[in-house]
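*Asks:* coords21.txt (compact mmCIF, C-alpha atoms and all ligand atoms) pasted underneath:
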# COMPACT_ATOMS: atom_id res chain seq x y z
CA MET X 1 0.00 0.00 0.00
CA ALA X 2 1.06 3.55 -0.59
CA ASN X 3 2.75 5.32 2.27
CA SER X 4 3.59 8.92 1.63
CA SER X 5 6.68 8.86 3.85
CA ILE X 6 8.40 6.25 1.68
CA LEU X 7 10.14 6.89 -1.60
CA ARG X 8 12.62 4.24 -2.64
CA LEU X 9 15.20 4.52 -5.38
CA GLY X 10 15.75 1.46 -7.53
CA VAL X 11 18.92 1.85 -9.56
CA ASN X 12 18.81 0.14 -12.94
CA ILE X 13 22.31 -1.03 -13.87
CA ASP X 14 21.52 -2.30 -17.40
CA HIS X 15 23.64 0.27 -19.16
CA VAL X 16 26.76 -0.56 -17.20
CA ALA X 17 26.40 -3.89 -19.01
CA THR X 18 25.78 -2.06 -22.31
CA ILE X 19 29.21 -0.44 -21.99
CA ARG X 20 30.83 -3.71 -20.97
CA ASN X 21 29.28 -5.51 -23.93
CA ALA X 22 30.55 -2.88 -26.38
CA ARG X 23 33.97 -4.48 -25.96
CA GLY X 24 33.15 -7.89 -24.50
CA GLY X 25 35.08 -8.96 -21.42
CA MET X 26 34.23 -8.07 -17.84
CA HIS X 27 34.61 -4.31 -17.50
CA PRO X 28 32.69 -2.37 -16.28
CA ASP X 29 30.97 -4.91 -14.06
CA PRO X 30 27.26 -4.24 -13.35
CA VAL X 31 27.49 -6.15 -10.07
CA ARG X 32 30.21 -3.77 -8.88
CA ALA X 33 27.93 -0.90 -9.92
CA ALA X 34 25.11 -2.48 -7.89
CA ARG X 35 27.35 -2.64 -4.81
CA MET X 36 28.32 0.98 -5.28
CA ALA X 37 24.66 1.94 -5.74
CA ALA X 38 23.87 0.27 -2.41
CA GLN X 39 26.58 2.33 -0.70
CA ALA X 40 25.30 5.52 -2.32
CA GLY X 41 21.79 5.05 -0.92
CA ALA X 42 19.89 2.96 -3.47
CA ASP X 43 17.08 0.93 -1.96
CA GLY X 44 16.98 -1.68 -4.69
CA ILE X 45 18.66 -2.86 -7.87
CA THR X 46 16.76 -3.23 -11.11
CA ALA X 47 17.97 -5.20 -14.11
CA HIS X 48 16.22 -6.07 -17.36
CA LEU X 49 17.21 -9.42 -18.83
CA ARG X 50 16.17 -8.82 -22.42
CA GLU X 51 15.46 -11.72 -24.71
CA ASP X 52 18.31 -10.68 -27.02
CA ARG X 53 20.70 -10.24 -24.02
CA ARG X 54 21.84 -6.90 -25.39
CA HIS X 55 23.01 -5.72 -21.97
CA ILE X 56 22.36 -7.79 -18.84
CA SER X 57 23.39 -11.44 -19.17
CA ASP X 58 22.13 -14.57 -17.47
CA SER X 59 25.26 -14.70 -15.35
CA ASP X 60 24.74 -11.05 -14.27
CA ILE X 61 21.31 -12.04 -12.95
CA ALA X 62 22.75 -15.06 -11.16
CA ARG X 63 25.46 -12.91 -9.55
CA LEU X 64 23.08 -10.08 -8.63
CA ALA X 65 20.70 -12.56 -6.99
CA ALA X 66 23.54 -14.25 -5.09
CA GLU X 67 25.81 -11.35 -4.19
CA ILE X 68 23.71 -8.22 -3.69
CA SER X 69 22.01 -7.59 -0.38
CA LEU X 70 19.47 -5.10 -1.77
CA PRO X 71 16.15 -6.33 -3.17
CA LEU X 72 16.46 -7.28 -6.84
CA ASN X 73 13.75 -6.18 -9.25
CA LEU X 74 13.96 -8.31 -12.40
CA GLU X 75 12.40 -6.67 -15.43
CA MET X 76 11.27 -9.32 -17.86
CA ALA X 77 9.03 -10.07 -20.80
CA ALA X 78 6.16 -12.46 -20.17
CA THR X 79 7.76 -15.50 -21.79
CA ASP X 80 8.31 -19.04 -20.58
CA GLU X 81 12.09 -18.61 -20.79
CA MET X 82 12.06 -15.54 -18.53
CA LEU X 83 9.59 -17.13 -16.14
CA ALA X 84 11.92 -20.12 -15.67
CA ILE X 85 14.84 -17.75 -14.96
CA ALA X 86 12.78 -15.79 -12.41
CA LEU X 87 11.67 -18.99 -10.69
CA ASN X 88 15.27 -20.16 -10.56
CA HIS X 89 16.68 -16.98 -8.99
CA ARG X 90 13.64 -15.83 -7.00
CA PRO X 91 14.21 -12.06 -7.16
CA HIS X 92 12.36 -9.87 -4.66
CA ALA X 93 10.16 -8.61 -7.50
CA ALA X 94 9.51 -9.21 -11.17
CA CYS X 95 8.34 -6.33 -13.31
CA LEU X 96 6.61 -7.54 -16.47
CA VAL X 97 7.38 -5.27 -19.42
CA PRO X 98 6.52 -5.37 -23.12
CA GLU X 99 9.47 -6.24 -25.29
CA LYS X 100 10.10 -5.86 -28.99
CA ARG X 101 13.45 -6.86 -30.40
CA GLU X 102 13.66 -3.90 -32.76
CA GLU X 103 13.05 -1.24 -30.07
CA ARG X 104 15.95 0.65 -28.54
CA THR X 105 14.35 0.66 -25.11
CA THR X 106 10.98 -0.24 -23.63
CA GLU X 107 8.72 2.05 -25.65
CA GLY X 108 5.51 1.99 -23.68
CA GLY X 109 3.62 0.20 -20.97
CA LEU X 110 2.11 -3.26 -21.20
CA ASP X 111 -1.38 -3.30 -22.66
CA VAL X 112 -2.66 -5.23 -19.66
CA ALA X 113 -6.25 -4.69 -20.72
CA ARG X 114 -5.67 -6.41 -24.04
CA GLU X 115 -3.13 -9.02 -22.89
CA HIS X 116 -4.74 -10.09 -19.65
CA ARG X 117 -5.25 -13.71 -20.73
CA LEU X 118 -1.57 -14.06 -21.61
CA LEU X 119 -0.40 -12.28 -18.45
CA GLU X 120 -2.62 -14.04 -15.91
CA PRO X 121 -0.59 -17.30 -15.60
CA PHE X 122 2.66 -15.31 -15.29
CA VAL X 123 1.26 -13.16 -12.49
CA ARG X 124 -0.15 -16.20 -10.71
CA THR X 125 2.98 -18.35 -11.03
CA LEU X 126 5.37 -15.59 -9.94
CA LYS X 127 3.18 -14.68 -6.99
CA SER X 128 2.85 -18.26 -5.85
CA ALA X 129 6.66 -18.47 -5.87
CA GLY X 130 6.72 -15.56 -3.40
CA ILE X 131 7.90 -13.00 -5.99
CA ARG X 132 6.20 -9.61 -5.92
CA VAL X 133 4.65 -8.86 -9.29
CA SER X 134 4.78 -5.46 -10.88
CA LEU X 135 3.19 -4.54 -14.21
CA PHE X 136 4.71 -1.68 -16.21
CA VAL X 137 1.76 0.30 -17.56
CA ASP X 138 0.90 3.61 -19.10
CA PRO X 139 -0.99 5.90 -16.70
CA GLU X 140 -4.44 4.84 -17.91
CA ARG X 141 -7.38 3.94 -15.72
CA VAL X 142 -8.26 0.74 -17.60
CA GLN X 143 -4.71 -0.62 -17.18
CA LEU X 144 -4.93 -0.09 -13.42
CA TYR X 145 -8.27 -1.85 -13.10
CA VAL X 146 -7.10 -4.86 -15.08
CA ALA X 147 -3.74 -4.98 -13.24
CA HIS X 148 -5.67 -5.02 -9.98
CA ALA X 149 -8.06 -7.70 -11.23
CA LEU X 150 -5.07 -9.84 -12.28
CA GLY X 151 -3.75 -9.72 -8.71
CA ALA X 152 -0.62 -7.65 -9.41
CA ASP X 153 1.02 -6.27 -6.25
CA VAL X 154 2.46 -3.23 -7.98
CA VAL X 155 2.02 -1.09 -11.07
CA GLU X 156 4.99 0.84 -12.37
CA LEU X 157 3.74 3.93 -14.20
CA HIS X 158 5.55 4.67 -17.44
CA THR X 159 7.07 8.14 -17.26
CA GLY X 160 8.58 8.09 -20.78
CA THR X 161 5.93 10.29 -22.39
CA TYR X 162 6.23 12.80 -19.53
CA CYS X 163 10.03 12.92 -19.98
CA GLU X 164 9.67 13.36 -23.76
CA ALA X 165 7.25 16.25 -23.16
CA ALA X 166 9.80 17.84 -20.81
CA GLN X 167 12.49 17.52 -23.47
CA SER X 168 10.30 18.97 -26.21
CA GLY X 169 9.61 22.09 -24.16
CA ASP X 170 5.84 21.70 -24.73
CA ARG X 171 4.51 22.95 -21.38
CA ASN X 172 0.92 21.95 -22.05
CA ALA X 173 1.88 18.40 -22.97
CA LEU X 174 4.10 18.25 -19.90
CA ALA X 175 1.35 19.46 -17.56
CA ALA X 176 -1.17 17.06 -19.14
CA GLU X 177 1.14 14.08 -18.81
CA LEU X 178 2.06 14.94 -15.22
CA ALA X 179 -1.65 15.21 -14.40
CA ARG X 180 -2.22 11.79 -15.98
CA ILE X 181 0.52 10.27 -13.81
CA GLU X 182 -0.81 11.99 -10.69
CA GLY X 183 -4.34 10.77 -11.42
CA ALA X 184 -3.14 7.22 -12.10
CA ALA X 185 -1.07 7.15 -8.91
CA GLU X 186 -4.08 8.26 -6.89
CA GLU X 187 -6.46 5.79 -8.53
CA GLY X 188 -3.99 2.89 -8.36
CA ALA X 189 -3.33 3.47 -4.66
CA ARG X 190 -7.07 3.67 -4.06
CA LEU X 191 -7.36 0.20 -5.57
CA GLY X 192 -4.67 -1.03 -3.16
CA LEU X 193 -1.87 -1.28 -5.71
CA GLU X 194 1.65 -0.25 -4.74
CA ILE X 195 2.70 2.52 -7.12
CA HIS X 196 6.12 2.78 -8.75
CA ALA X 197 7.23 4.95 -11.64
CA GLY X 198 10.09 5.08 -14.08
CA HIS X 199 11.58 5.43 -17.53
CA GLY X 200 13.62 8.33 -18.80
CA LEU X 201 13.86 10.15 -15.45
CA SER X 202 16.73 12.61 -14.94
CA PHE X 203 17.72 15.32 -12.46
CA GLU X 204 15.44 17.66 -14.40
CA THR X 205 12.34 15.49 -14.54
CA THR X 206 12.40 13.47 -11.31
CA GLY X 207 11.22 16.19 -8.89
CA PRO X 208 7.54 16.44 -9.90
CA ILE X 209 7.24 12.64 -10.01
CA ALA X 210 8.96 12.23 -6.64
CA ALA X 211 6.50 14.75 -5.20
CA ILE X 212 3.52 12.49 -5.91
CA ASP X 213 2.50 11.11 -2.54
CA GLN X 214 1.27 7.70 -3.67
CA ILE X 215 4.45 6.78 -5.52
CA VAL X 216 6.74 4.69 -3.30
CA GLU X 217 9.51 3.72 -5.72
CA LEU X 218 11.28 5.19 -8.72
CA ASN X 219 13.37 3.03 -11.03
CA ILE X 220 16.06 5.01 -12.80
CA GLY X 221 18.87 3.77 -14.99
CA HIS X 222 20.03 5.32 -18.24
CA PHE X 223 20.42 8.85 -16.90
CA LEU X 224 22.30 7.75 -13.78
CA VAL X 225 24.78 5.63 -15.72
CA GLY X 226 25.26 8.33 -18.37
CA GLU X 227 25.65 11.12 -15.82
CA ALA X 228 28.13 8.98 -13.87
CA ILE X 229 30.61 9.64 -16.69
CA PHE X 230 30.70 13.25 -15.51
CA GLY X 231 29.88 13.06 -11.82
CA GLY X 232 30.86 9.52 -10.82
CA LEU X 233 28.28 6.85 -9.97
CA ASP X 234 28.36 7.42 -6.22
CA GLY X 235 27.92 11.21 -6.46
CA THR X 236 25.24 10.93 -9.15
CA ILE X 237 23.14 8.48 -7.15
CA ARG X 238 23.55 10.54 -3.95
CA ARG X 239 22.42 13.65 -5.79
CA MET X 240 19.37 11.88 -7.23
CA ARG X 241 18.51 10.51 -3.78
CA MET X 242 18.73 14.00 -2.27
CA LEU X 243 16.64 15.51 -5.03
CA MET X 244 13.98 12.84 -4.50
CA ASN X 245 13.94 13.45 -0.74
CA GLU X 246 13.63 17.21 -1.20
CA ALA X 247 10.88 16.91 -3.80
CA ARG X 248 8.94 14.46 -1.62
CA ALA X 249 9.26 16.69 1.44
CA LYS X 250 8.03 19.73 -0.50
CA GLY X 251 5.29 17.87 -2.38
CA GLN X 252 3.66 16.14 0.56
CA GLY X 253 0.04 17.02 1.05
CA ARG X 254 -0.14 18.76 -2.31
CA PRO X 255 -3.58 18.34 -3.89
CA VAL X 256 -3.63 16.08 -6.93
CA ALA X 257 -4.13 17.98 -10.18
CA SER X 258 -7.47 17.55 -11.83
CA GLY X 259 -7.78 16.32 -15.40
CA GLY X 260 -6.30 13.00 -14.50
CA ILE X 261 -6.51 9.91 -16.55
N1 LIG X 301 11.28 0.94 -15.43
C1 LIG X 301 11.08 0.09 -16.45
C2 LIG X 301 9.90 -0.82 -16.38
C3 LIG X 301 11.98 0.02 -17.54
O1 LIG X 301 11.74 -0.84 -18.55
C4 LIG X 301 13.11 0.85 -17.53
C5 LIG X 301 14.11 0.73 -18.63
O2 LIG X 301 14.71 -0.53 -18.59
C6 LIG X 301 13.30 1.71 -16.44
C7 LIG X 301 12.35 1.76 -15.41
C8 LIG X 301 14.47 2.63 -16.35
O3 LIG X 301 14.42 3.54 -17.41
P1 LIG X 301 15.66 4.47 -17.68
O4 LIG X 301 16.82 3.57 -17.98
O5 LIG X 301 15.23 5.28 -18.85
O6 LIG X 301 15.88 5.27 -16.44
Show the structure stored in the file as structure tokens.
Ligand code: PXP
*Replies:*
Amino acid sequence: MANSSILRLGVNIDHVATIRNARGGMHPDPVRAARMAAQAGADGITAHLREDRRHISDSDIARLAAEISLPLNLEMAATDEMLAIALNHRPHAACLVPEKREERTTEGGLDVAREHRLLEPFVRTLKSAGIRVSLFVDPERVQLYVAHALGADVVELHTGTYCEAAQSGDRNALAAELARIEGAAEEGARLGLEIHAGHGLSFETTGPIAAIDQIVELNIGHFLVGEAIFGGLDGTIRRMRMLMNEARAKGQGRPVASGGI
């Protein structure tokens, strides 16, 4: 359930593996990055084992599950192969995401409303193995209702469109998308879902999302790893953590914007 005093940071270390894979070999090691993230104040580690293994590898998942003390959030497509891997390593949580081989990154949320028959056995099997189940969805009312009906513990709200609006400088689009996320967070929490958010977040865009009371976890990766080139991983994560804390402290009790979802 939502608790406005909590805002966790899940650090996604996928792109440490992207850099490693550019040359093959072992360096830089995403497990070392995960350890450093823990020291810098991360509350969890997120890794996406993609079907094409473009960044995180099977052995990264095995090592993260065995060696990292923080909760592991495994992002995965709803496939039998990924389900078997999740059941083998028993991460703290599994976040089901849509996956297309040709996309550069996850391009949108799961269409839970359309895919509910396919998703139902994955949600049920993961949950019965004691793994918390999160569904990555766009901030749309119907997705929340179906996620809830499927028995998901968590919905992670896709912030990609909001971040694109911020980058485009279109203030109206930005305000509309933020209102959609605020409305979805409120409605999801009302249903009893735990609310997470992520995708594309940066120092510039995280504040307004962190200020939303019902959101209890942000998962952030690409920006942190990219910014670490300039500010170091430790300093970058600490700065993000501080920014989240400040935004949450300021935003608490703020009325939710109307317009919603
Ligand atoms: N949450 C989900 C469900 C994702 O698929 C991703 C990208 O792997 C993230 C969060 C992190 O996004 P970014 O790397 O853009 O911060």
*Asks:* How many Å lie between atom C8 of ligand LIG 301 (chain X) and atom CA of His222 of chain X, rounded to one decimal?
*Replies:*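 Pair atom C8 of ligand LIG 301 (chain X) / atom CA of His222 of chain X returns 6.5 Å.
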*Asks:* Could you list the protein, DNA and RNA residues that have any atom within 6 Å of ligand LIG 301 (chain X), counting only C-alpha atoms and all ligand atoms, and write them as an NGL selection string?
*Replies:* :X and (48 or 97 or 106 or 136 or 198-201 or 219-223)
*Asks:* Pick out the closest residue to Glu227 of chain X from this set: X:Ala173, X:Val16, X:Ala149, X:Ser5. Count only C-alpha atoms.
*Replies:*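 Closest residue, counting only C-alpha atoms: X:Val16.
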*Asks:* Residues at most 9 Å from segment 188-190 of chain X, counting all atoms listed in the file, excluding those fewer than 6 positions away in the same chain, as a PDB file with C-alpha atoms, in the coordinates of the input?
*Replies:*
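File result-v5.pdb, as written:
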ATOM      1  CA  MET X   1       0.000   0.000   0.000  1.00  0.00           C
ATOM      2  CA  ALA X   2       1.060   3.550  -0.590  1.00  0.00           C
ATOM      3  CA  ARG X 141      -7.380   3.940 -15.720  1.00  0.00           C
ATOM      4  CA  LEU X 144      -4.930  -0.090 -13.420  1.00  0.00           C
ATOM      5  CA  TYR X 145      -8.270  -1.850 -13.100  1.00  0.00           C
ATOM      6  CA  HIS X 148      -5.670  -5.020  -9.980  1.00  0.00           C
ATOM      7  CA  VAL X 154       2.460  -3.230  -7.980  1.00  0.00           C
ATOM      8  CA  VAL X 155       2.020  -1.090 -11.070  1.00  0.00           C
ATOM      9  CA  GLN X 214       1.270   7.700  -3.670  1.00  0.00           C
ATOM     10  CA  ILE X 215       4.450   6.780  -5.520  1.00  0.00           C
TER      11      ILE X 215
END
*Asks:* I'd like the interatomic distance between atom CA of Leu7 of chain X and atom CA of Ile195 of chain X, to a tenth of an Å.
*Replies:*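 These two atoms are separated by 10.2 Å.
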*Asks:* Give me, please, the distance in Å between atom CA of Gly44 of chain X and atom CA of Ile13 of chain X, quoted to one decimal.
*Replies:*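 Straight-line distance from atom CA of Gly44 of chain X to atom CA of Ile13 of chain X works out to 10.6 Å.
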*Asks:* Would you kindly return, as a list in words, each protein, DNA or RNA residue with an atom no farther than 8 Å from any atom of segment 243-247 of chain X, considering all atoms listed in the file and excluding same-chain residues fewer than 5 positions away?
*Replies:*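 Contacts, with the query itself left out: Leu7, Phe203, Thr206, Gly207, Pro208, Ala210 and Ala211 of chain X.
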*Asks:* Determine the nearest neighbour of Asp138 of chain X from the options X:Ala152, X:Leu119, X:Ala94, X:Ala197, counting all atoms listed in the file.
*Replies:*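 The closest residue to Asp138 of chain X is X:Ala197.
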*Asks:* Around all the atoms of segment 48-59 of chain X listed in the file, draw an axis-aligned box and extend it by 5 Å on each of the six sides; I want its centre and edge lengths in Å to one decimal, as AutoDock Vina command-line options.
*Replies:*
--center_x 20.4 --center_y -10.2 --center_z -21.2 --size_x 19.8 --size_y 19.0 --size_z 21.7
*Asks:* What's the 9 Å shell around Ala166 of chain X, counting all atoms listed in the file, without same-chain residues fewer than 5 positions away, as number ranges by chain?
*Replies:* X: 161, 171, 173-174, 204-205
*Asks:* At a cut-off of 12 Å, using all atoms listed in the file, what residues contact Ala184 of chain X? Leave out same-chain residues fewer than 2 positions from it and give the result as JSON, numbers by chain.
*Replies:* {"X": [137, 138, 139, 140, 141, 142, 143, 144, 145, 155, 156, 157, 158, 159, 177, 178, 179, 180, 181, 182, 186, 187, 188, 189, 190, 191, 193, 194, 195, 196, 197, 209, 212, 213, 214, 215, 256, 257, 258, 259, 260, 261]}
*Asks:* Please, could you write that set of residues out with C-alpha atoms as a PDB file, in the coordinates of the input?
*Replies:*
ATOM      1  CA  VAL X 137       1.760   0.300 -17.560  1.00  0.00           C
ATOM      2  CA  ASP X 138       0.900   3.610 -19.100  1.00  0.00           C
ATOM      3  CA  PRO X 139      -0.990   5.900 -16.700  1.00  0.00           C
ATOM      4  CA  GLU X 140      -4.440   4.840 -17.910  1.00  0.00           C
ATOM      5  CA  ARG X 141      -7.380   3.940 -15.720  1.00  0.00           C
ATOM      6  CA  VAL X 142      -8.260   0.740 -17.600  1.00  0.00           C
ATOM      7  CA  GLN X 143      -4.710  -0.620 -17.180  1.00  0.00           C
ATOM      8  CA  LEU X 144      -4.930  -0.090 -13.420  1.00  0.00           C
ATOM      9  CA  TYR X 145      -8.270  -1.850 -13.100  1.00  0.00           C
ATOM     10  CA  VAL X 155       2.020  -1.090 -11.070  1.00  0.00           C
ATOM     11  CA  GLU X 156       4.990   0.840 -12.370  1.00  0.00           C
ATOM     12  CA  LEU X 157       3.740   3.930 -14.200  1.00  0.00           C
ATOM     13  CA  HIS X 158       5.550   4.670 -17.440  1.00  0.00           C
ATOM     14  CA  THR X 159       7.070   8.140 -17.260  1.00  0.00           C
ATOM     15  CA  GLU X 177       1.140  14.080 -18.810  1.00  0.00           C
ATOM     16  CA  LEU X 178       2.060  14.940 -15.220  1.00  0.00           C
ATOM     17  CA  ALA X 179      -1.650  15.210 -14.400  1.00  0.00           C
ATOM     18  CA  ARG X 180      -2.220  11.790 -15.980  1.00  0.00           C
ATOM     19  CA  ILE X 181       0.520  10.270 -13.810  1.00  0.00           C
ATOM     20  CA  GLU X 182      -0.810  11.990 -10.690  1.00  0.00           C
ATOM     21  CA  GLU X 186      -4.080   8.260  -6.890  1.00  0.00           C
ATOM     22  CA  GLU X 187      -6.460   5.790  -8.530  1.00  0.00           C
ATOM     23  CA  GLY X 188      -3.990   2.890  -8.360  1.00  0.00           C
ATOM     24  CA  ALA X 189      -3.330   3.470  -4.660  1.00  0.00           C
ATOM     25  CA  ARG X 190      -7.070   3.670  -4.060  1.00  0.00           C
ATOM     26  CA  LEU X 191      -7.360   0.200  -5.570  1.00  0.00           C
ATOM     27  CA  LEU X 193      -1.870  -1.280  -5.710  1.00  0.00           C
ATOM     28  CA  GLU X 194       1.650  -0.250  -4.740  1.00  0.00           C
ATOM     29  CA  ILE X 195       2.700   2.520  -7.120  1.00  0.00           C
ATOM     30  CA  HIS X 196       6.120   2.780  -8.750  1.00  0.00           C
ATOM     31  CA  ALA X 197       7.230   4.950 -11.640  1.00  0.00           C
ATOM     32  CA  ILE X 209       7.240  12.640 -10.010  1.00  0.00           C
ATOM     33  CA  ILE X 212       3.520  12.490  -5.910  1.00  0.00           C
ATOM     34  CA  ASP X 213       2.500  11.110  -2.540  1.00  0.00           C
ATOM     35  CA  GLN X 214       1.270   7.700  -3.670  1.00  0.00           C
ATOM     36  CA  ILE X 215       4.450   6.780  -5.520  1.00  0.00           C
ATOM     37  CA  VAL X 256      -3.630  16.080  -6.930  1.00  0.00           C
ATOM     38  CA  ALA X 257      -4.130  17.980 -10.180  1.00  0.00           C
ATOM     39  CA  SER X 258      -7.470  17.550 -11.830  1.00  0.00           C
ATOM     40  CA  GLY X 259      -7.780  16.320 -15.400  1.00  0.00           C
ATOM     41  CA  GLY X 260      -6.300  13.000 -14.500  1.00  0.00           C
ATOM     42  CA  ILE X 261      -6.510   9.910 -16.550  1.00  0.00           C
TER      43      ILE X 261
END
*Asks:* With only C-alpha atoms as the atoms that count, which of X:Cys163, X:Leu233, X:Ala228, X:Ala93 lies nearest to Glu75 of chain X?
*Replies:*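 Of all the options, X:Ala93 lies closest to Glu75 of chain X.
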*Asks:* For Ala77 of chain X, which of X:Lys100, X:His89, X:Arg248, X:Arg132 is the closest residue, counting all atoms listed in the file?
*Replies:*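 The answer is X:Lys100, which sits nearest to Ala77 of chain X.
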*Asks:* Tell me which of X:Ile56, X:Asp80, X:His27, X:Leu224 sits closest to Arg239 of chain X, counting all atoms listed in the file.
*Replies:*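 Closest to Arg239 of chain X, using all atoms listed in the file: X:Leu224.
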*Asks:* I'd like to know which of X:Ala147, X:Met82, X:Pro98, X:Ser128 is closest to Val112 of chain X, using all atoms listed in the file.
*Replies:*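 When distances to Val112 of chain X are compared using all atoms listed in the file, the smallest one comes from X:Ala147.
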*Asks:* May I have the residues within 8 Å of His92 of chain X as a list in words, using all atoms listed in the file and disregarding those fewer than 3 positions away in the same chain?
*Replies:*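 What passes the distance filter is Pro71, Leu72, Asn73, Ile131 and Arg132 of chain X.
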